[in-house]
file data.txt (compact mmCIF, C-alpha atoms)
# COMPACT_ATOMS: atom_id res chain seq x y z
CA MET S 1 15.29 -60.71 1.52
CA VAL S 2 16.92 -62.34 -1.50
CA ASP S 3 14.68 -60.31 -3.78
CA ASN S 4 15.77 -57.09 -2.04
CA ILE S 5 19.44 -58.02 -2.48
CA LYS S 6 18.97 -58.65 -6.21
CA ARG S 7 17.18 -55.33 -6.67
CA SER S 8 19.85 -53.50 -4.67
CA LEU S 9 22.57 -55.00 -6.88
CA LEU S 10 20.76 -53.76 -9.98
CA VAL S 11 20.38 -50.32 -8.38
CA SER S 12 24.11 -50.15 -7.56
CA ILE S 13 25.07 -51.13 -11.14
CA TRP S 14 22.67 -48.58 -12.58
CA PHE S 15 23.96 -45.88 -10.22
CA VAL S 16 27.56 -46.65 -11.20
CA PHE S 17 26.58 -46.24 -14.85
CA LEU S 18 24.89 -42.89 -14.17
CA THR S 19 27.74 -41.43 -12.11
CA PHE S 20 30.58 -42.83 -14.24
CA PRO S 21 31.39 -39.55 -16.09
CA LEU S 22 31.34 -37.57 -12.84
CA MET S 23 33.02 -39.91 -10.38
CA VAL S 24 35.46 -41.89 -12.54
CA VAL S 25 36.52 -39.68 -15.44
CA LYS S 26 38.51 -36.54 -14.63
CA VAL S 27 40.07 -34.36 -17.31
CA ASN S 28 43.32 -32.69 -16.22
CA THR S 29 43.45 -29.53 -18.34
CA LEU S 30 46.93 -28.60 -17.12
CA LYS S 31 48.57 -31.83 -18.29
CA ASN S 32 46.04 -32.54 -21.06
CA ILE S 33 45.41 -36.07 -19.83
CA VAL S 34 42.41 -38.05 -18.64
CA GLU S 35 42.64 -39.49 -15.13
CA TRP S 36 40.70 -42.68 -14.40
CA ARG S 37 39.58 -42.96 -10.78
CA TRP S 38 38.44 -46.60 -10.67
CA ILE S 39 38.38 -46.74 -6.88
CA ASN S 40 35.55 -44.20 -6.89
CA MET S 41 33.44 -46.59 -8.95
CA LEU S 42 33.88 -49.25 -6.27
CA TRP S 43 32.85 -46.87 -3.50
CA VAL S 44 29.81 -45.71 -5.47
CA ALA S 45 28.72 -49.32 -6.01
CA ILE S 46 29.12 -50.22 -2.33
CA GLY S 47 27.43 -47.04 -1.15
CA ALA S 48 24.49 -47.41 -3.55
CA PHE S 49 24.02 -51.06 -2.56
CA VAL S 50 24.03 -50.31 1.19
CA LEU S 51 21.72 -47.33 0.81
CA SER S 52 19.32 -49.36 -1.32
CA ILE S 53 19.18 -52.14 1.29
CA VAL S 54 18.58 -49.64 4.11
CA TRP S 55 15.99 -47.81 2.00
CA ARG S 56 13.99 -50.97 1.27
CA TRP S 57 14.15 -52.06 4.90
CA ALA S 58 12.91 -48.62 6.07
CA MET S 59 10.10 -48.58 3.51
CA GLU S 60 8.95 -52.07 4.54
CA ARG S 61 8.86 -50.98 8.19
CA ARG S 62 6.90 -47.88 7.26
CA GLN S 63 4.36 -49.88 5.25
CA LEU S 64 3.96 -52.35 8.12
CA LYS S 65 3.42 -49.50 10.56
CA ASN S 66 0.81 -47.88 8.28
CA LYS S 67 -0.94 -51.22 7.85
CA LYS S 68 -1.17 -51.70 11.61
CA ALA S 69 -2.46 -48.16 12.01
CA GLU S 70 -5.19 -48.80 9.43
CA GLN S 71 -6.21 -51.98 11.23
CA GLY S 72 -6.43 -50.12 14.52
CA GLU S 73 -3.59 -51.97 16.18
CA GLU S 74 -1.68 -49.92 18.75
CA GLU S 75 1.94 -50.55 19.49
CA SER S 76 2.92 -50.24 23.12
CA VAL S 77 6.31 -48.66 22.69
CA LEU S 78 8.20 -46.26 24.87
CA PRO S 79 8.39 -42.63 23.72
CA GLY S 80 11.53 -41.70 21.82
CA PHE S 81 14.49 -39.97 23.39
CA GLY S 82 13.64 -36.66 21.68
CA GLN S 83 10.15 -36.67 23.19
CA ARG S 84 11.42 -37.68 26.63
CA LEU S 85 14.11 -35.00 26.42
CA LEU S 86 11.48 -32.30 25.99
CA GLU S 87 8.95 -33.66 28.48
CA ASP S 88 10.96 -35.26 31.28
CA PRO S 89 12.55 -32.66 33.63
CA LYS S 90 15.03 -35.25 34.91
CA ILE S 91 16.54 -35.42 31.44
CA PHE S 92 15.79 -31.91 30.20
CA LYS S 93 17.38 -29.93 33.04
CA PRO S 94 20.81 -31.70 33.09
CA VAL S 95 21.02 -31.51 29.28
CA LEU S 96 20.11 -27.81 29.38
CA ILE S 97 22.74 -27.07 32.04
CA ALA S 98 25.41 -28.98 30.13
CA LEU S 99 24.48 -27.19 26.91
CA ALA S 100 24.65 -23.81 28.64
CA LEU S 101 28.14 -24.58 30.00
CA VAL S 102 29.38 -25.72 26.58
CA THR S 103 27.92 -22.60 24.99
CA LEU S 104 29.64 -20.29 27.47
CA VAL S 105 33.10 -21.85 27.22
CA PHE S 106 33.01 -22.58 23.47
CA PRO S 107 34.89 -19.45 22.25
CA LEU S 108 37.45 -19.88 25.05
CA VAL S 109 38.56 -23.36 23.98
CA VAL S 110 38.45 -23.10 20.18
CA ASP S 111 40.20 -20.87 17.67
CA ILE S 112 38.77 -17.73 16.08
CA TYR S 113 37.75 -19.58 12.90
CA GLN S 114 35.46 -21.97 14.80
CA THR S 115 33.94 -19.07 16.74
CA ASN S 116 33.33 -17.12 13.54
CA ILE S 117 31.58 -20.10 11.94
CA MET S 118 29.42 -20.51 15.04
CA VAL S 119 28.45 -16.82 14.84
CA LEU S 120 27.26 -17.42 11.26
CA ALA S 121 25.30 -20.47 12.41
CA LEU S 122 23.63 -18.43 15.16
CA ILE S 123 22.71 -15.74 12.62
CA PHE S 124 20.89 -18.39 10.61
CA VAL S 125 19.24 -19.62 13.82
CA VAL S 126 17.70 -16.15 14.22
CA LEU S 127 16.71 -16.13 10.54
CA GLY S 128 15.12 -19.55 10.95
CA LEU S 129 13.17 -18.44 14.01
CA GLY S 130 11.92 -15.40 12.10
CA LEU S 131 10.83 -17.37 9.04
CA ASN S 132 9.31 -19.98 11.34
CA VAL S 133 6.73 -17.39 12.35
CA THR S 134 5.78 -16.59 8.76
CA VAL S 135 5.91 -20.12 7.34
CA GLY S 136 5.71 -22.45 10.33
CA LEU S 137 3.05 -20.70 12.41
CA ALA S 138 1.09 -18.59 9.90
CA GLY S 139 1.55 -20.94 6.91
CA LEU S 140 2.55 -18.12 4.52
CA LEU S 141 5.19 -19.40 2.10
CA ASP S 142 7.99 -16.86 1.64
CA LEU S 143 10.71 -17.49 -0.96
CA GLY S 144 12.08 -13.93 -0.78
CA TYR S 145 12.99 -13.84 2.90
CA VAL S 146 16.57 -12.92 2.06
CA ALA S 147 15.29 -9.48 0.98
CA PHE S 148 14.55 -8.55 4.61
CA PHE S 149 17.98 -9.88 5.57
CA ALA S 150 19.51 -7.56 2.98
CA VAL S 151 17.39 -4.62 4.21
CA GLY S 152 18.85 -4.98 7.69
CA ALA S 153 22.43 -5.34 6.47
CA TYR S 154 22.24 -2.38 4.08
CA THR S 155 20.45 -0.26 6.69
CA TYR S 156 23.53 -0.52 8.89
CA GLY S 157 25.91 -0.05 5.97
CA VAL S 158 24.13 3.04 4.61
CA LEU S 159 23.54 4.68 8.01
CA ASN S 160 27.18 4.18 8.95
CA SER S 161 28.54 5.40 5.60
CA PHE S 162 26.38 8.53 5.27
CA PHE S 163 25.55 9.47 8.86
CA GLY S 164 28.19 7.74 10.98
CA PHE S 165 25.64 5.71 12.98
CA GLY S 166 27.13 3.01 15.17
CA PHE S 167 26.08 -0.59 15.64
CA TRP S 168 23.79 -0.14 18.63
CA ILE S 169 21.79 2.63 16.99
CA SER S 170 21.55 0.77 13.69
CA LEU S 171 20.50 -2.55 15.27
CA PRO S 172 16.91 -1.59 16.22
CA LEU S 173 16.61 0.57 13.10
CA GLY S 174 17.56 -2.41 10.94
CA GLY S 175 14.89 -4.52 12.61
CA LEU S 176 12.27 -1.80 12.18
CA MET S 177 13.18 -1.32 8.52
CA GLY S 178 12.82 -5.06 7.98
CA ALA S 179 9.38 -4.99 9.64
CA LEU S 180 8.38 -2.01 7.50
CA PHE S 181 9.33 -3.81 4.30
CA GLY S 182 7.48 -6.88 5.59
CA ILE S 183 4.32 -4.80 5.80
CA VAL S 184 5.02 -3.32 2.35
CA LEU S 185 5.27 -6.85 0.94
CA GLY S 186 2.23 -8.05 2.87
CA PHE S 187 -0.26 -5.47 1.61
CA PRO S 188 -0.35 -6.49 -2.11
CA ILE S 189 -0.50 -10.23 -1.38
CA LEU S 190 -3.16 -10.43 1.31
CA ARG S 191 -5.50 -12.45 -0.93
CA LEU S 192 -2.88 -14.70 -2.52
CA ARG S 193 -2.28 -18.31 -1.53
CA GLY S 194 -0.14 -21.29 -2.48
CA ASP S 195 1.90 -21.08 -5.68
CA TYR S 196 0.87 -17.50 -6.41
CA LEU S 197 2.08 -16.38 -2.98
CA ALA S 198 5.41 -18.17 -3.50
CA ILE S 199 5.95 -16.55 -6.92
CA VAL S 200 5.25 -13.04 -5.61
CA THR S 201 7.61 -13.41 -2.65
CA LEU S 202 10.27 -14.87 -4.95
CA GLY S 203 9.88 -11.84 -7.21
CA PHE S 204 10.18 -9.50 -4.23
CA GLY S 205 13.53 -11.05 -3.31
CA SER S 206 14.79 -10.66 -6.88
CA ILE S 207 13.60 -7.03 -7.04
CA ALA S 208 15.44 -6.19 -3.82
CA LYS S 209 18.71 -7.62 -5.17
CA ILE S 210 18.34 -5.76 -8.50
CA VAL S 211 17.64 -2.45 -6.74
CA ILE S 212 20.72 -2.87 -4.55
CA GLU S 213 22.90 -3.66 -7.57
CA ASN S 214 21.73 -0.70 -9.65
CA TRP S 215 21.26 2.11 -7.12
CA GLU S 216 24.95 2.91 -6.87
CA GLU S 217 24.50 6.36 -5.31
CA VAL S 218 23.10 4.79 -2.13
CA PHE S 219 24.15 1.14 -2.05
CA ASN S 220 27.42 1.41 -4.03
CA GLY S 221 26.17 -1.11 -6.60
CA ALA S 222 28.01 -4.39 -7.13
CA LYS S 223 31.08 -3.08 -5.28
CA GLY S 224 29.18 -3.21 -2.01
CA ILE S 225 29.88 -1.35 1.22
CA ALA S 226 33.18 -1.90 3.03
CA ASN S 227 34.70 -0.91 6.38
CA ILE S 228 31.53 -1.53 8.36
CA PRO S 229 32.38 -1.31 12.09
CA ARG S 230 32.09 -4.34 14.33
CA PRO S 231 29.89 -4.19 17.45
CA GLY S 232 31.41 -1.96 20.10
CA PHE S 233 31.33 -1.90 23.89
CA PHE S 234 31.33 1.67 25.25
CA GLY S 235 34.02 2.69 22.77
CA ALA S 236 36.56 0.08 23.93
CA GLU S 237 39.24 -0.95 21.41
CA MET S 238 39.00 -4.63 20.48
CA SER S 239 41.20 -6.97 18.54
CA ILE S 240 39.66 -9.19 15.86
CA HIS S 241 39.67 -12.17 18.24
CA THR S 242 38.02 -10.19 21.05
CA ALA S 243 35.46 -8.65 18.70
CA THR S 244 34.54 -12.09 17.31
CA THR S 245 34.11 -13.49 20.81
CA TYR S 246 32.03 -10.46 21.79
CA THR S 247 29.83 -10.95 18.70
CA TYR S 248 29.41 -14.61 19.62
CA TYR S 249 28.05 -13.80 23.08
CA LEU S 250 25.89 -11.08 21.57
CA MET S 251 24.37 -13.62 19.20
CA ILE S 252 23.72 -16.02 22.09
CA LEU S 253 21.74 -13.30 23.85
CA MET S 254 19.84 -12.50 20.64
CA VAL S 255 18.95 -16.17 20.10
CA LEU S 256 17.67 -16.44 23.68
CA PHE S 257 15.68 -13.24 23.22
CA ALA S 258 14.21 -14.50 19.94
CA ILE S 259 13.27 -17.83 21.56
CA PHE S 260 11.59 -16.06 24.48
CA ILE S 261 9.60 -13.62 22.33
CA THR S 262 8.61 -16.24 19.74
CA ASN S 263 7.52 -18.71 22.40
CA ARG S 264 5.43 -16.08 24.19
CA LEU S 265 3.81 -14.97 20.95
CA LYS S 266 3.15 -18.58 19.99
CA ASP S 267 0.94 -19.04 23.05
CA SER S 268 -0.67 -15.61 22.78
CA ARG S 269 -3.84 -14.55 21.01
CA ILE S 270 -2.00 -13.45 17.85
CA GLY S 271 -0.04 -16.73 17.83
CA ARG S 272 -3.22 -18.79 17.94
CA ALA S 273 -4.62 -16.61 15.16
CA TRP S 274 -1.53 -17.40 13.06
CA MET S 275 -1.97 -21.14 13.61
CA ALA S 276 -5.68 -20.93 12.83
CA LEU S 277 -4.83 -19.08 9.62
CA ARG S 278 -2.38 -21.81 8.70
CA GLU S 279 -4.90 -24.61 9.24
CA ASP S 280 -7.91 -23.10 7.43
CA GLU S 281 -8.02 -19.50 6.27
CA ILE S 282 -11.73 -19.53 5.45
CA ALA S 283 -12.73 -20.97 8.82
CA CYS S 284 -10.35 -18.57 10.55
CA VAL S 285 -11.99 -15.53 8.93
CA ALA S 286 -15.45 -16.97 9.61
CA MET S 287 -14.60 -17.12 13.32
CA GLY S 288 -13.93 -13.38 13.34
CA VAL S 289 -10.14 -13.23 12.96
CA ASP S 290 -8.92 -10.14 11.09
CA MET S 291 -7.09 -11.74 8.15
CA ALA S 292 -5.30 -8.56 7.03
CA ARG S 293 -3.95 -7.71 10.46
CA THR S 294 -2.94 -11.31 11.15
CA LYS S 295 -1.04 -11.74 7.88
CA LEU S 296 0.66 -8.37 8.13
CA GLY S 297 1.69 -9.16 11.70
CA ALA S 298 3.25 -12.44 10.60
CA TYR S 299 5.21 -10.82 7.77
CA ALA S 300 6.30 -7.86 9.91
CA PHE S 301 7.40 -9.98 12.87
CA GLY S 302 9.31 -12.46 10.70
CA ALA S 303 10.98 -9.63 8.76
CA PHE S 304 11.93 -7.87 12.01
CA TRP S 305 14.21 -10.73 13.04
CA ALA S 306 15.71 -10.87 9.55
CA GLY S 307 16.54 -7.16 9.80
CA LEU S 308 18.28 -7.65 13.15
CA ALA S 309 20.23 -10.62 11.80
CA GLY S 310 21.22 -8.56 8.74
CA VAL S 311 22.75 -5.83 10.92
CA ILE S 312 24.84 -8.39 12.82
CA PHE S 313 25.81 -10.13 9.58
CA ALA S 314 27.12 -6.82 8.18
CA SER S 315 29.08 -6.11 11.37
CA ARG S 316 30.52 -9.64 11.39
CA ASN S 317 31.77 -9.47 7.79
CA THR S 318 32.58 -5.71 7.83
CA TYR S 319 31.68 -5.87 4.11
CA ILE S 320 28.47 -6.57 2.21
CA ASN S 321 27.59 -6.78 -1.47
CA PRO S 322 24.52 -7.99 -3.43
CA ASN S 323 25.99 -11.47 -3.94
CA SER S 324 25.62 -12.11 -0.20
CA PHE S 325 21.82 -12.05 -0.57
CA THR S 326 20.78 -14.50 -3.28
CA PHE S 327 17.90 -16.92 -3.62
CA MET S 328 20.08 -19.70 -2.20
CA GLU S 329 20.03 -17.99 1.21
CA SER S 330 16.22 -17.89 1.12
CA ALA S 331 16.10 -21.55 0.12
CA LEU S 332 18.54 -22.44 2.91
CA VAL S 333 16.49 -20.67 5.59
CA LEU S 334 13.30 -22.29 4.28
CA SER S 335 15.06 -25.68 4.39
CA ILE S 336 15.97 -24.99 8.02
CA VAL S 337 12.32 -24.38 8.91
CA VAL S 338 11.04 -27.43 7.01
CA MET S 339 13.78 -29.75 8.23
CA GLY S 340 13.49 -28.60 11.84
CA GLY S 341 9.72 -28.92 11.94
CA MET S 342 7.06 -26.38 11.00
CA GLY S 343 6.38 -24.27 14.08
CA SER S 344 8.96 -26.07 16.25
CA ILE S 345 11.41 -23.67 17.92
CA ILE S 346 13.86 -26.33 19.11
CA GLY S 347 13.70 -28.12 15.76
CA VAL S 348 14.57 -24.93 13.86
CA ILE S 349 17.59 -24.33 16.12
CA VAL S 350 18.89 -27.88 15.63
CA ALA S 351 18.32 -27.78 11.85
CA ALA S 352 20.08 -24.41 11.52
CA LEU S 353 23.15 -25.67 13.36
CA VAL S 354 23.21 -28.87 11.29
CA LEU S 355 22.74 -27.26 7.87
CA ILE S 356 25.23 -24.43 8.49
CA LEU S 357 27.93 -26.34 10.35
CA MET S 358 27.76 -29.53 8.27
CA PRO S 359 29.14 -27.98 5.04
CA GLU S 360 31.96 -26.32 6.98
CA TYR S 361 33.07 -29.56 8.58
CA LEU S 362 32.70 -31.51 5.34
CA ARG S 363 35.16 -29.45 3.32
CA ALA S 364 37.10 -32.66 2.65
CA PHE S 365 34.10 -33.61 0.47
CA ALA S 366 33.89 -30.18 -1.18
CA GLU S 367 32.90 -31.61 -4.56
CA TYR S 368 29.98 -33.58 -3.12
CA ARG S 369 28.71 -31.32 -0.32
CA MET S 370 25.63 -30.18 -2.21
CA LEU S 371 24.93 -33.77 -3.29
CA MET S 372 25.01 -34.86 0.35
CA PHE S 373 22.86 -31.89 1.33
CA GLY S 374 20.24 -32.84 -1.25
CA ALA S 375 20.29 -36.48 -0.18
CA VAL S 376 19.73 -35.53 3.45
CA MET S 377 16.78 -33.30 2.53
CA VAL S 378 15.19 -36.04 0.37
CA LEU S 379 15.53 -38.61 3.16
CA MET S 380 14.09 -36.15 5.67
CA MET S 381 11.04 -35.43 3.53
CA ILE S 382 10.35 -39.14 3.07
CA PHE S 383 10.99 -40.53 6.55
CA ARG S 384 10.48 -37.45 8.75
CA PRO S 385 8.07 -35.15 6.88
CA GLU S 386 7.11 -33.51 10.18
CA GLY S 387 10.75 -32.44 10.74
CA LEU S 388 13.50 -33.37 13.18
CA ILE S 389 11.47 -32.27 16.19
CA ALA S 390 7.79 -32.04 15.36
CA ASN S 391 5.72 -29.28 16.88
CA VAL S 392 3.55 -30.79 19.61
CA ARG S 393 -0.04 -29.61 19.57
CA ARG S 394 -1.59 -28.72 22.88
CA LYS S 395 -4.54 -30.85 23.86
CA TYR S 396 -7.28 -29.87 26.24
CA ALA S 397 -8.97 -32.73 28.06
CA GLY S 398 -11.72 -32.33 30.59
CA ARG S 399 -11.54 -34.13 33.88
CA LYS S 400 -13.78 -37.16 34.27
CA VAL S 401 -16.39 -36.45 36.94
CA VAL S 402 -17.67 -39.49 38.83
CA THR S 403 -20.99 -38.95 40.59
CA GLU S 404 -22.01 -40.59 43.85
CA ASP S 405 -24.80 -42.53 42.10
CA ALA S 406 -22.32 -43.98 39.66
CA ASN S 407 -20.06 -45.04 42.51
CA ALA S 408 -23.00 -46.60 44.32
CA ARG S 409 -23.98 -48.60 41.24
CA GLY S 410 -20.39 -49.70 40.83

call {"tool": "encode", "arguments": {"input": "data.txt", "output": "structure tokens"}}
result
Amino acid sequence: MVDNIKRSLLVSIWFVFLTFPLMVVKVNTLKNIVEWRWINMLWVAIGAFVLSIVWRWAMERRQLKNKKAEQGEEESVLPGFGQRLLEDPKIFKPVLIALALVTLVFPLVVDIYQTNIMVLALIFVVLGLGLNVTVGLAGLLDLGYVAFFAVGAYTYGVLNSFFGFGFWISLPLGGLMGALFGIVLGFPILRLRGDYLAIVTLGFGSIAKIVIENWEEVFNGAKGIANIPRPGFFGAEMSIHTATTYTYYLMILMVLFAIFITNRLKDSRIGRAWMALREDEIACVAMGVDMARTKLGAYAFGAFWAGLAGVIFASRNTYINPNSFTFMESALVLSIVVMGGMGSIIGVIVAALVLILMPEYLRAFAEYRMLMFGAVMVLMMIFRPEGLIANVRRKYAGRKVVTEDANARG
């Protein structure tokens, strides 16, 4: 313990030295003076010391647990609350009912800003569920997922600008266009894996953004497309507050629909083919699974949800431009899938809400939000590499048959 305290003190001093120019020194260009924020140095030292102590304690527990696992010792501990929440109906049903009530009354008890932020979070929930199919279930790394998001958004913007199409006509068309571009991306990369697959998908996302920026006759270039209509309801006139609330409930229905479809596909034949492809592509093909059809299905299905989310994103903002679809959005959605748990539907939903809502409610720490985001991701990858809520594999166990002779001998 004493040794850990000494090392943590050295870590805190070293961390203060590294962050001194950023946290202590501030140049005021308006008054041409240097401001010294010595209190920040104290907080950095205390924070680094506490985190170092907690880190060393957690690593020691992890090493002890691994050592016991190697020796074959089993710990008789109760399952965690997260596991009991998913498996015990006595806990799951009341929590689900309470969550449903909170969801229904949320826009009625908060202001329009909070509702609008929640709509954005739900859009990223749908994006996370879509990418979860491609990355989490099929194991196909996609760093250009934002391209399909942009396809859906610009499908609505272009159809409305040139042909006067409304939201409800553009919504399925945006999803279908996303699926089409998913197939277009999937064909050239059927035989690629790992780093090569990641590079190609990253390039596809960059190409999509460059095309949008330079094809001004169709996409209006860097100026973007403005005056995109919000979702309508049989032509009824809506105020901004009513339209935002209506979009919120629409997103709730879309999230439920995405959960239902994804969950059904996960347990279907194509879903099992995706998971087999993720585990071992060679063995999967050897067992007779059509690799081309399986991969194209994963890309098309994941891109379909991105296209739908893009249409709703365009209607929510009423304005889109190429800067709304950068690599950071792809990285954020991929972080949602990894942090939530590869293949876990509930984990992706929780991670999307955390990663989208946390920066909004931490605006008081605007200068350090990305630092905190990075720290959370590093800690997650070290202590919870399987994600917040790991995907539980189904196990098939045969019943033990006891014969009469065995009973007689007993």

call {"tool": "residues_around", "arguments": {"input": "data.txt", "residues": "region 38-46 of chain S", "least_positions_apart": "6", "cutoff": "6 Å", "atoms": "all atoms listed in the file", "output": "ChimeraX atom specification"}}
result
/S:12,16,24

call {"tool": "closest_residue", "arguments": {"input": "data.txt", "among": "S:Trp305, S:Tyr299, S:Tyr361, S:Trp215", "to": "Thr201 (chain S)", "atoms": "all atoms listed in the file"}}
result
S:Tyr299

call {"tool": "residues_around", "arguments": {"input": "data.txt", "residues": "Leu192 (chain S)", "least_positions_apart": "5", "cutoff": "12 Å", "atoms": "only C-alpha atoms", "output": "list in words"}}
result
Leu140, Leu141, Asp142, Leu185, Gly186, Phe187, Leu197, Ala198, Ile199, Val200, Thr201, Glu281, Met291, Ala292 and Lys295 of chain S

call {"tool": "closest_residue", "arguments": {"input": "data.txt", "among": "S:Ser335, S:Asn116, S:Ser206, S:Thr242", "to": "Ala147 (chain S)", "atoms": "only C-alpha atoms"}}
result
S:Ser206

call {"tool": "residues_around", "arguments": {"input": "data.txt", "residues": "Tyr156 (chain S)", "least_positions_apart": "2", "cutoff": "12 Å", "atoms": "all atoms listed in the file", "output": "PyMOL selection string"}}
result
chain S and resi 149-154+158-178+219+225-231+307-316+318-320

call {"tool": "atom_distance", "arguments": {"input": "data.txt", "atom1": "CA of Val133 (chain S)", "atom2": "CA of Gly288 (chain S)"}}
result
21.1 Å

call {"tool": "closest_residue", "arguments": {"input": "data.txt", "among": "S:Thr29, S:Lys209, S:Thr155, S:Val50", "to": "Phe327 (chain S)", "atoms": "all atoms listed in the file"}}
result
S:Lys209

call {"tool": "closest_residue", "arguments": {"input": "data.txt", "among": "S:Leu64, S:Ala58, S:Val354, S:Leu296", "to": "Arg384 (chain S)", "atoms": "all atoms listed in the file"}}
result
S:Ala58

call {"tool": "closest_residue", "arguments": {"input": "data.txt", "among": "S:Met254, S:Ile53, S:Val125, S:Leu131", "to": "Met342 (chain S)", "atoms": "all atoms listed in the file"}}
result
S:Leu131

call {"tool": "atom_distance", "arguments": {"input": "data.txt", "atom1": "CA of Gly271 (chain S)", "atom2": "CA of Ile183 (chain S)"}}
result
17.5 Å

call {"tool": "closest_residue", "arguments": {"input": "data.txt", "among": "S:Arg37, S:Thr245, S:Trp274, S:Phe325", "to": "Ile210 (chain S)", "atoms": "only C-alpha atoms"}}
result
S:Phe325

call {"tool": "axis_aligned_box", "arguments": {"input": "data.txt", "around": "region 30-39 of chain S", "padding_each_side": "6 Å", "output": "JSON"}}
result
{"center_x": 43.5, "center_y": -37.7, "center_z": -14.0, "size_x": 22.2, "size_y": 30.1, "size_z": 26.2}

call {"tool": "residues_around", "arguments": {"input": "data.txt", "residues": "Thr103 (chain S)", "least_positions_apart": "2", "cutoff": "12 Å", "atoms": "all atoms listed in the file", "output": "list in words"}}
result
Leu96, Ile97, Ala98, Leu99, Ala100, Leu101, Val105, Phe106, Pro107, Leu108, Val109, Val110, Thr115, Met118, Val119, Leu122, Thr245, Tyr248, Tyr249, Met251, Ile252 and Leu253 of chain S

call {"tool": "residues_around", "arguments": {"input": "data.txt", "residues": "Val126 (chain S)", "least_positions_apart": "2", "cutoff": "7 Å", "atoms": "all atoms listed in the file", "output": "PyMOL selection string"}}
result
chain S and resi 122-124+128-130+255+258+305+309

call {"tool": "atom_distance", "arguments": {"input": "data.txt", "atom1": "CA of Ser330 (chain S)", "atom2": "CA of Phe181 (chain S)"}}
result
16.0 Å

call {"tool": "decode", "arguments": {"input": "data.txt", "residues": "region 272-287 of chain S", "atoms": "N, CA and C atoms", "output": "short mmCIF file (atom, residue, chain, number, x, y, z; two decimals), in the first residue's frame"}}
result
data_model
loop_
_atom_site.label_atom_id
_atom_site.label_comp_id
_atom_site.auth_asym_id
_atom_site.auth_seq_id
_atom_site.Cartn_x
_atom_site.Cartn_y
_atom_site.Cartn_z
N ARG S 272 -27.50 -15.63 -37.70
CA ARG S 272 -26.51 -16.63 -37.29
C ARG S 272 -25.38 -16.72 -38.31
N ALA S 273 -25.71 -16.49 -39.57
CA ALA S 273 -24.66 -16.46 -40.60
C ALA S 273 -23.73 -15.28 -40.37
N TRP S 274 -24.28 -14.12 -39.98
CA TRP S 274 -23.45 -12.96 -39.67
C TRP S 274 -22.49 -13.26 -38.52
N MET S 275 -23.02 -13.88 -37.46
CA MET S 275 -22.18 -14.16 -36.30
C MET S 275 -21.13 -15.22 -36.62
N ALA S 276 -21.49 -16.18 -37.45
CA ALA S 276 -20.50 -17.17 -37.88
C ALA S 276 -19.40 -16.53 -38.71
N LEU S 277 -19.79 -15.58 -39.56
CA LEU S 277 -18.81 -14.85 -40.36
C LEU S 277 -17.87 -14.05 -39.48
N ARG S 278 -18.41 -13.48 -38.42
CA ARG S 278 -17.58 -12.70 -37.50
C ARG S 278 -16.56 -13.58 -36.78
N GLU S 279 -16.98 -14.77 -36.37
CA GLU S 279 -16.09 -15.63 -35.59
C GLU S 279 -14.98 -16.23 -36.45
N ASP S 280 -15.31 -16.77 -37.62
CA ASP S 280 -14.31 -17.41 -38.47
C ASP S 280 -14.85 -17.45 -39.89
N GLU S 281 -14.31 -16.57 -40.73
CA GLU S 281 -14.83 -16.48 -42.10
C GLU S 281 -14.55 -17.75 -42.90
N ILE S 282 -13.37 -18.33 -42.72
CA ILE S 282 -13.01 -19.52 -43.49
C ILE S 282 -13.91 -20.70 -43.10
N ALA S 283 -14.10 -20.90 -41.81
CA ALA S 283 -14.97 -21.98 -41.36
C ALA S 283 -16.42 -21.74 -41.79
N CYS S 284 -16.83 -20.49 -41.77
CA CYS S 284 -18.19 -20.14 -42.17
C CYS S 284 -18.43 -20.51 -43.64
N VAL S 285 -17.49 -20.17 -44.50
CA VAL S 285 -17.63 -20.50 -45.93
C VAL S 285 -17.55 -22.01 -46.13
N ALA S 286 -16.69 -22.68 -45.35
CA ALA S 286 -16.56 -24.13 -45.47
C ALA S 286 -17.84 -24.85 -45.08
N MET S 287 -18.65 -24.25 -44.22
CA MET S 287 -19.91 -24.85 -43.80
C MET S 287 -21.04 -24.56 -44.78
#
